[in-house]
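This report concerns only the one structure given below.
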Amino acid sequence: MIYLDNSATTKPHKEVMQTFLTVNEQYYANPASIHAMGVESNELLMRAREQLADILHTDAKSVLFTSGGTESNNTAIFGLARGNTHKGKHILTTEIEHPSVLESVKQLEKEGFEVEYLHVGNNGVISLEELRVKVRKDTVLVSIMHVNNEIGAIQPIFDAAKIVHEKSRAAFHVDAVQSFGKLPITFNGEEGPDCITISGHKIHGFKGSGVLAFRKQMQWEPYAFGGGQEFGLRSGTVAVPQAVALAKAARMAIETMDVNAAKFRKWHDEICAELRSYGDEVHILSTAEGAAHILSFSVRDLKGEVIINALQKRGVIVSTSSACSSKQTKTSHVVEALRIEEHFKNGVIRISFGAHVIDEEIAQFKLVLKEVLMELKGELLR
Ligand SMILES: Cc1ncc(COP(=O)(O)O)c(C=O)c1O
């Protein structure tokens with residue numbers, strides 16, 4: 001199978017699996033225990049924190065291990081909003097965030113917070129002007145994703161952070177699940193993000209592992225109560241093997257970022273050129289300015305599942321616009337936000353590259369795609 005659904009999840013690197021196995025076999029003691037074996041586990045955990053802190057330009061005490069992107073986003077949103085009600089109850093986010101952000105802010109709305117959504121243009125990018133107008137003195141939290149998981153649009157998070165910090169005392173959270181290891185993303189002193197979400201399984205690490213990192217100590221309301229682990233923010237015995245494996249996957253992602261980015265850009269451009277040759281029967285939702293590892297397109301009046309099944313029969317795995325909504329029949333909120341023609345709304349397909357994809361697979365994919373489109377659309381494309 002040619003696996004081109006790496007934004008849904010990735011295959012763990014062999015080196016990451018080996019790390020996981022070694023830590024499970026040799027350092028299984030509880031890192032909170034005071035005996036020698038516990039101390040050893042804790043040292044390993046601290047090293048994993050330090051490695052991630054170095055990559056993100058923060059300190060080790062600001063790296064919190066979680067069970068993934070969803071938990072990191074929930075922790076940031078609930079923790080920062082509920083912990084700062086003395087500053088205000090206004091929250092800003094975008095209309096194309098991942099459901100783990102959108103559903104969290106909807107929940108906060110029920111608790112009396114006021115939530116406003118930034119719109120995106122047909123390139124999927126927010127307007128900094130709209131952000132400037134909407135940030136208020138009583139804004140407590142702004143949450144903007146770096147790379148959109150359905151179309152790959154990149155948000156100007158560093159410019160956005162400056163505006164947020166200039167105009168408010170709000171915390172600025174960035175969901176970097178789809179950008180970490182693909183684009184540079186670090187804390188950038190006073191001017192950058194305050195808080196960043198990362199997920200292990202999107203970078204050839206494990207499902208059920210994630211990080212919420214912050215730039216400085218902030219006022220939080222804990223998310224999980226209990227034994228006080230993870231600086232009192234997330235109680236529960238820390239999963240040391242997951243944490244160490246995530247640090248390994250993160251290091252590998254950063255070391256290979258430039259090489260992979262060049263490959264992904266080349267494939268993105270080649271496939272786009274192919275898609276453009278079908279004229280106005282195909283609509284490309286991703287733009288050349290977007291992230292190179294995600295490419296979304298739609299075929300006029302075709303259903304996404306039909307294309308997916310036809311590709312699958314020929315050995316290629318892709319998904320509809322997002323893995324989360326792919327089992328739902330309604331148009332995704334991201335596709336709706338782009339205000340594309342009705343004819344293209346049901347056929348959005350997402351191809352996403354990962355570190356294990358090779359040139360030959362992309363060449364084969366292009367042949368298969370042509371075959372499938374000819375079969376499904378026939379004369380219209382000739
Ligand atoms: C942008 C974005 N944020 C958050 C998540 C959730 O991450 P996880 O699957 O680790 O909970 C995803 C997963 O698809 C995502 O793409």
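If you're wondering about the labels, chains in the structure tokens are A, B, ... by order shown, residues count from 1 in each chain, ligands from 1 in order shown.
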Contact check, chain A to ligand 1, at most 8 Å, counting only C-alpha atoms and all ligand atoms, closest pairs as a Markdown table:
| residue | atom | partner | partner_atom_place_in_ligand_line | distance |
| --- | --- | --- | --- | --- |
| A:Ser7 | CA | ligand 1 | 16 (O) | 6.6 |
| A:Ala8 | CA | ligand 1 | 14 (O) | 5.5 |
| A:Thr9 | CA | ligand 1 | 14 (O) | 7.5 |
| A:Ser67 | CA | ligand 1 | 10 (O) | 7.2 |
| A:Gly68 | CA | ligand 1 | 10 (O) | 3.7 |
| A:Gly69 | CA | ligand 1 | 7 (O) | 3.4 |
| A:Thr70 | CA | ligand 1 | 11 (O) | 3.6 |
| A:Glu71 | CA | ligand 1 | 11 (O) | 6.3 |
| A:Ser72 | CA | ligand 1 | 11 (O) | 7.9 |
| A:Asn73 | CA | ligand 1 | 4 (C) | 7.0 |
| A:Glu97 | CA | ligand 1 | 1 (C) | 6.9 |
| A:His98 | CA | ligand 1 | 3 (N) | 5.0 |
| A:Pro99 | CA | ligand 1 | 4 (C) | 7.5 |
| A:Ser100 | CA | ligand 1 | 4 (C) | 6.1 |
| A:Val101 | CA | ligand 1 | 3 (N) | 7.7 |
| A:Met145 | CA | ligand 1 | 1 (C) | 6.5 |
| A:His146 | CA | ligand 1 | 1 (C) | 7.9 |
| A:Val147 | CA | ligand 1 | 1 (C) | 6.8 |
| A:Asn148 | CA | ligand 1 | 1 (C) | 5.8 |
| A:Asn149 | CA | ligand 1 | 16 (O) | 4.6 |
| A:Glu150 | CA | ligand 1 | 16 (O) | 7.7 |
| A:Asp175 | CA | ligand 1 | 3 (N) | 5.9 |
| A:Ala176 | CA | ligand 1 | 1 (C) | 6.7 |
| A:Val177 | CA | ligand 1 | 2 (C) | 5.0 |
| A:Gln178 | CA | ligand 1 | 1 (C) | 5.4 |
| A:Thr197 | CA | ligand 1 | 4 (C) | 7.9 |
| A:Ile198 | CA | ligand 1 | 10 (O) | 7.6 |
| A:Ser199 | CA | ligand 1 | 10 (O) | 4.6 |
| A:Gly200 | CA | ligand 1 | 10 (O) | 6.7 |
| A:His201 | CA | ligand 1 | 10 (O) | 6.4 |
| A:Lys202 | CA | ligand 1 | 10 (O) | 7.4 |
| A:Lys207 | CA | ligand 1 | 10 (O) | 6.5 |
| A:Gly208 | CA | ligand 1 | 10 (O) | 6.6 |
| A:Ser209 | CA | ligand 1 | 10 (O) | 6.9 |
| A:Gly210 | CA | ligand 1 | 10 (O) | 6.4 |
| A:Ser322 | CA | ligand 1 | 14 (O) | 7.4 |
| A:Ala323 | CA | ligand 1 | 14 (O) | 6.8 |
| A:Cys324 | CA | ligand 1 | 14 (O) | 6.7 |
The selected residues should be written to file as a compact mmCIF listing (two decimals), in the first residue's frame (atoms: N, CA and C atoms).
# COMPACT_ATOMS: atom_id res chain seq x y z
N SER A 7 -1.23 12.99 7.68
CA SER A 7 -1.76 14.01 8.58
C SER A 7 -2.79 13.40 9.53
N ALA A 8 -3.32 12.23 9.17
CA ALA A 8 -4.22 11.53 10.09
C ALA A 8 -3.38 10.86 11.16
N THR A 9 -2.35 10.15 10.72
CA THR A 9 -1.36 9.60 11.65
C THR A 9 -0.18 9.07 10.85
N SER A 67 -1.52 13.21 26.78
CA SER A 67 -1.84 12.02 25.98
C SER A 67 -2.02 12.35 24.50
N GLY A 68 -1.72 13.60 24.08
CA GLY A 68 -1.83 13.92 22.66
C GLY A 68 -2.30 15.34 22.41
N GLY A 69 -2.55 15.62 21.13
CA GLY A 69 -2.94 16.97 20.74
C GLY A 69 -4.26 17.40 21.37
N THR A 70 -5.21 16.47 21.41
CA THR A 70 -6.53 16.81 21.95
C THR A 70 -6.41 17.23 23.41
N GLU A 71 -5.69 16.43 24.19
CA GLU A 71 -5.56 16.77 25.61
C GLU A 71 -4.76 18.07 25.80
N SER A 72 -3.73 18.26 25.00
CA SER A 72 -2.94 19.50 25.13
C SER A 72 -3.82 20.71 24.81
N ASN A 73 -4.60 20.61 23.75
CA ASN A 73 -5.48 21.74 23.39
C ASN A 73 -6.52 21.98 24.49
N GLU A 97 -10.36 25.85 13.24
CA GLU A 97 -9.56 25.08 14.20
C GLU A 97 -9.98 23.60 14.20
N HIS A 98 -9.13 22.79 14.79
CA HIS A 98 -9.45 21.38 15.00
C HIS A 98 -10.60 21.30 16.01
N PRO A 99 -11.45 20.26 15.91
CA PRO A 99 -12.57 20.13 16.88
C PRO A 99 -12.12 20.15 18.35
N SER A 100 -10.89 19.73 18.64
CA SER A 100 -10.45 19.74 20.05
C SER A 100 -10.33 21.17 20.59
N VAL A 101 -10.25 22.14 19.70
CA VAL A 101 -10.27 23.55 20.11
C VAL A 101 -11.72 24.06 20.05
N MET A 145 -4.39 27.95 15.22
CA MET A 145 -3.56 26.82 14.79
C MET A 145 -2.47 27.32 13.84
N HIS A 146 -1.35 26.62 13.80
CA HIS A 146 -0.26 27.03 12.90
C HIS A 146 -0.56 26.55 11.47
N VAL A 147 -0.73 25.22 11.32
CA VAL A 147 -1.05 24.66 10.00
C VAL A 147 -2.39 23.95 10.09
N ASN A 148 -3.27 24.25 9.17
CA ASN A 148 -4.58 23.59 9.18
C ASN A 148 -4.46 22.15 8.71
N ASN A 149 -5.11 21.23 9.44
CA ASN A 149 -5.00 19.81 9.14
C ASN A 149 -5.73 19.38 7.88
N GLU A 150 -6.67 20.16 7.39
CA GLU A 150 -7.44 19.72 6.21
C GLU A 150 -6.87 20.27 4.91
N ASP A 175 -1.90 25.72 18.27
CA ASP A 175 -2.01 24.29 18.00
C ASP A 175 -1.02 24.01 16.86
N ALA A 176 0.12 23.42 17.24
CA ALA A 176 1.17 23.17 16.24
C ALA A 176 1.24 21.69 15.86
N VAL A 177 0.12 20.98 16.06
CA VAL A 177 0.10 19.54 15.79
C VAL A 177 0.53 19.23 14.35
N GLN A 178 0.07 20.05 13.40
CA GLN A 178 0.40 19.76 12.00
C GLN A 178 1.64 20.51 11.51
N THR A 197 0.99 23.37 21.38
CA THR A 197 0.54 21.97 21.42
C THR A 197 1.26 21.13 20.36
N ILE A 198 1.74 19.96 20.79
CA ILE A 198 2.38 19.01 19.85
C ILE A 198 1.78 17.62 20.08
N SER A 199 1.68 16.84 19.01
CA SER A 199 1.17 15.47 19.15
C SER A 199 2.21 14.47 18.62
N GLY A 200 2.45 13.39 19.38
CA GLY A 200 3.49 12.43 19.00
C GLY A 200 3.20 11.66 17.72
N HIS A 201 1.93 11.27 17.53
CA HIS A 201 1.66 10.36 16.41
C HIS A 201 1.67 11.04 15.05
N LYS A 202 1.79 12.37 15.02
CA LYS A 202 1.88 13.07 13.72
C LYS A 202 3.34 13.20 13.28
N LYS A 207 0.74 7.18 19.12
CA LYS A 207 -0.58 7.68 19.48
C LYS A 207 -0.65 7.67 21.01
N GLY A 208 -1.36 8.64 21.57
CA GLY A 208 -1.42 8.69 23.03
C GLY A 208 -0.23 9.39 23.65
N SER A 209 0.51 10.18 22.87
CA SER A 209 1.60 10.98 23.47
C SER A 209 1.54 12.39 22.91
N GLY A 210 1.75 13.35 23.77
CA GLY A 210 1.71 14.75 23.34
C GLY A 210 2.41 15.65 24.32
N SER A 322 -10.54 15.59 6.46
CA SER A 322 -9.87 15.35 7.73
C SER A 322 -10.25 13.98 8.22
N ALA A 323 -9.32 13.32 8.89
CA ALA A 323 -9.60 11.97 9.37
C ALA A 323 -10.75 12.00 10.37
N CYS A 324 -10.83 13.09 11.15
CA CYS A 324 -11.86 13.16 12.19
C CYS A 324 -13.25 13.25 11.58
Practice problem: Would you kindly return, as a ChimeraX atom specification, each protein, DNA or RNA residue with an atom no farther than 10 Å from any atom of region 52-64 of chain A, considering only C-alpha atoms and excluding same-chain residues fewer than 3 positions away? | Solution: /A:46-49,72,180,184-189,195-197,210-218,229-231,233-234,238,243-244,246-248,250-251,254
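Distance annotation: of A:Lys11, A:His293, A:Arg276, A:His119, the residue with the minimal separation from Ala337 (chain A) is A:His119; atom set is only C-alpha atoms.
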Quiz item: So which bits of region 87-260 of chain A end up strand (DSSP E or B) when you DSSP the backbone, as number ranges by chain?
Solution: A: 90-94, 114-118, 120, 126, 139-145, 147, 154, 171-175, 180, 183, 188, 190, 195-199, 210-214, 224, 234
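If you measure from each of A:Ala81, A:Val125, A:Ala32, A:Leu45 to Ile154 (chain A) using only C-alpha atoms, the closest one turns out to be A:Val125.
Interatomic distance, CA of Glu129 (chain A) to CA of Gly192 (chain A): 17.9 Å.
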Exercise. Select from region 62-234 of chain A everything DSSP, run on the backbone, classes as helix (DSSP H, G or I), then give the selection as a VMD selection string.
Key: chain A and resid 62 69 to 82 99 to 110 128 to 134 157 to 167 200 to 202 230 to 232
Using only C-alpha atoms, what table do you get, as a tab-separated table, when you list each residue of region 148-200 of chain A with an atom no more than 7 Å from region 280-290 of chain A, its nearest pair of atoms, and their distance in Å rounded to one decimal, rows by chain then rising number?
residue	atom	partner	partner_atom	distance
A:Ile151	CA	A:Ser286	CA	5.1
A:Gly152	CA	A:Gly290	CA	5.3
A:Ala153	CA	A:Gly290	CA	4.6
A:Ile154	CA	A:Gly290	CA	5.4
Rows by chain and residue number, region 257-333 of chain A within 7 Å of region 341-352 of chain A, shortest pair, only C-alpha atoms, as JSON lines:
{"residue": "A:His293", "atom": "CA", "partner": "A:Ser352", "partner_atom": "CA", "distance": 5.4}
{"residue": "A:Ile294", "atom": "CA", "partner": "A:Ser352", "partner_atom": "CA", "distance": 4.6}
{"residue": "A:Leu295", "atom": "CA", "partner": "A:Ile351", "partner_atom": "CA", "distance": 5.2}
{"residue": "A:Ser296", "atom": "CA", "partner": "A:Arg350", "partner_atom": "CA", "distance": 4.4}
{"residue": "A:Phe297", "atom": "CA", "partner": "A:Val348", "partner_atom": "CA", "distance": 5.5}
{"residue": "A:Ser298", "atom": "CA", "partner": "A:Val348", "partner_atom": "CA", "distance": 4.3}
{"residue": "A:Val299", "atom": "CA", "partner": "A:Gly347", "partner_atom": "CA", "distance": 5.6}
{"residue": "A:Arg300", "atom": "CA", "partner": "A:Phe344", "partner_atom": "CA", "distance": 5.0}
{"residue": "A:Asp301", "atom": "CA", "partner": "A:His343", "partner_atom": "CA", "distance": 5.0}
{"residue": "A:Leu302", "atom": "CA", "partner": "A:Gly347", "partner_atom": "CA", "distance": 5.2}
{"residue": "A:Lys303", "atom": "CA", "partner": "A:Gly347", "partner_atom": "CA", "distance": 4.3}
{"residue": "A:Gly304", "atom": "CA", "partner": "A:Gly347", "partner_atom": "CA", "distance": 3.9}
{"residue": "A:Val318", "atom": "CA", "partner": "A:Ile351", "partner_atom": "CA", "distance": 5.5}
{"residue": "A:Ser319", "atom": "CA", "partner": "A:Arg350", "partner_atom": "CA", "distance": 5.4}
{"residue": "A:Thr320", "atom": "CA", "partner": "A:Ile349", "partner_atom": "CA", "distance": 4.4}
{"residue": "A:Ser321", "atom": "CA", "partner": "A:Arg350", "partner_atom": "CA", "distance": 5.0}
{"residue": "A:Thr331", "atom": "CA", "partner": "A:Asn346", "partner_atom": "CA", "distance": 6.4}
Preceding selection exported with N, CA, C and O atoms as a compact mmCIF listing (two decimals), in the first residue's frame:
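To be explicit, this is the file written out as again-v9.txt:
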# COMPACT_ATOMS: atom_id res chain seq x y z
N HIS A 293 3.33 19.50 3.08
CA HIS A 293 3.00 18.08 3.29
C HIS A 293 1.51 17.78 3.17
O HIS A 293 1.11 16.63 3.25
N ILE A 294 0.68 18.82 2.97
CA ILE A 294 -0.76 18.58 2.85
C ILE A 294 -1.26 19.14 1.52
O ILE A 294 -0.97 20.28 1.17
N LEU A 295 -1.99 18.30 0.79
CA LEU A 295 -2.54 18.77 -0.49
C LEU A 295 -3.99 18.29 -0.58
O LEU A 295 -4.27 17.09 -0.58
N SER A 296 -4.90 19.28 -0.63
CA SER A 296 -6.33 18.95 -0.71
C SER A 296 -6.87 19.39 -2.05
O SER A 296 -6.58 20.49 -2.51
N PHE A 297 -7.69 18.55 -2.64
CA PHE A 297 -8.34 18.93 -3.89
C PHE A 297 -9.70 18.26 -3.96
O PHE A 297 -10.01 17.35 -3.18
N SER A 298 -10.50 18.75 -4.89
CA SER A 298 -11.84 18.20 -5.02
C SER A 298 -12.20 18.05 -6.49
O SER A 298 -11.76 18.85 -7.33
N VAL A 299 -12.98 17.02 -6.79
CA VAL A 299 -13.40 16.79 -8.17
C VAL A 299 -14.88 17.13 -8.28
O VAL A 299 -15.69 16.70 -7.44
N ARG A 300 -15.22 17.90 -9.29
CA ARG A 300 -16.58 18.40 -9.47
C ARG A 300 -17.61 17.26 -9.41
O ARG A 300 -17.48 16.24 -10.09
N ASP A 301 -18.61 17.43 -8.57
CA ASP A 301 -19.75 16.52 -8.45
C ASP A 301 -19.41 15.07 -8.11
O ASP A 301 -20.20 14.17 -8.36
N LEU A 302 -18.23 14.86 -7.57
CA LEU A 302 -17.90 13.49 -7.12
C LEU A 302 -17.85 13.47 -5.60
O LEU A 302 -17.48 14.44 -4.97
N LYS A 303 -18.21 12.32 -5.03
CA LYS A 303 -18.11 12.19 -3.58
C LYS A 303 -16.69 11.73 -3.21
O LYS A 303 -16.11 10.89 -3.89
N GLY A 304 -16.17 12.27 -2.12
CA GLY A 304 -14.83 11.92 -1.66
C GLY A 304 -14.64 10.42 -1.51
O GLY A 304 -13.63 9.86 -1.94
N VAL A 318 -5.53 7.42 0.88
CA VAL A 318 -5.64 8.87 1.16
C VAL A 318 -6.90 9.01 2.02
O VAL A 318 -7.57 8.04 2.32
N SER A 319 -7.25 10.25 2.40
CA SER A 319 -8.50 10.38 3.16
C SER A 319 -9.32 11.55 2.64
O SER A 319 -8.84 12.33 1.81
N THR A 320 -10.54 11.67 3.17
CA THR A 320 -11.30 12.88 2.88
C THR A 320 -10.65 14.00 3.68
O THR A 320 -9.65 13.77 4.36
N SER A 321 -11.21 15.19 3.65
CA SER A 321 -10.44 16.34 4.12
C SER A 321 -9.83 16.19 5.50
O SER A 321 -8.71 16.61 5.73
N THR A 331 -20.48 18.27 5.16
CA THR A 331 -19.27 18.96 4.70
C THR A 331 -18.49 19.46 5.90
O THR A 331 -19.07 19.97 6.86
Closest contacts (region 190-227 of chain A/region 85-89 of chain A, max 12 Å, only C-alpha atoms) as JSON lines:
{"residue": "A:Gln219", "atom": "CA", "partner": "A:Thr85", "partner_atom": "CA", "distance": 10.2}
{"residue": "A:Trp220", "atom": "CA", "partner": "A:Thr85", "partner_atom": "CA", "distance": 10.5}
{"residue": "A:Glu221", "atom": "CA", "partner": "A:Thr85", "partner_atom": "CA", "distance": 10.5}
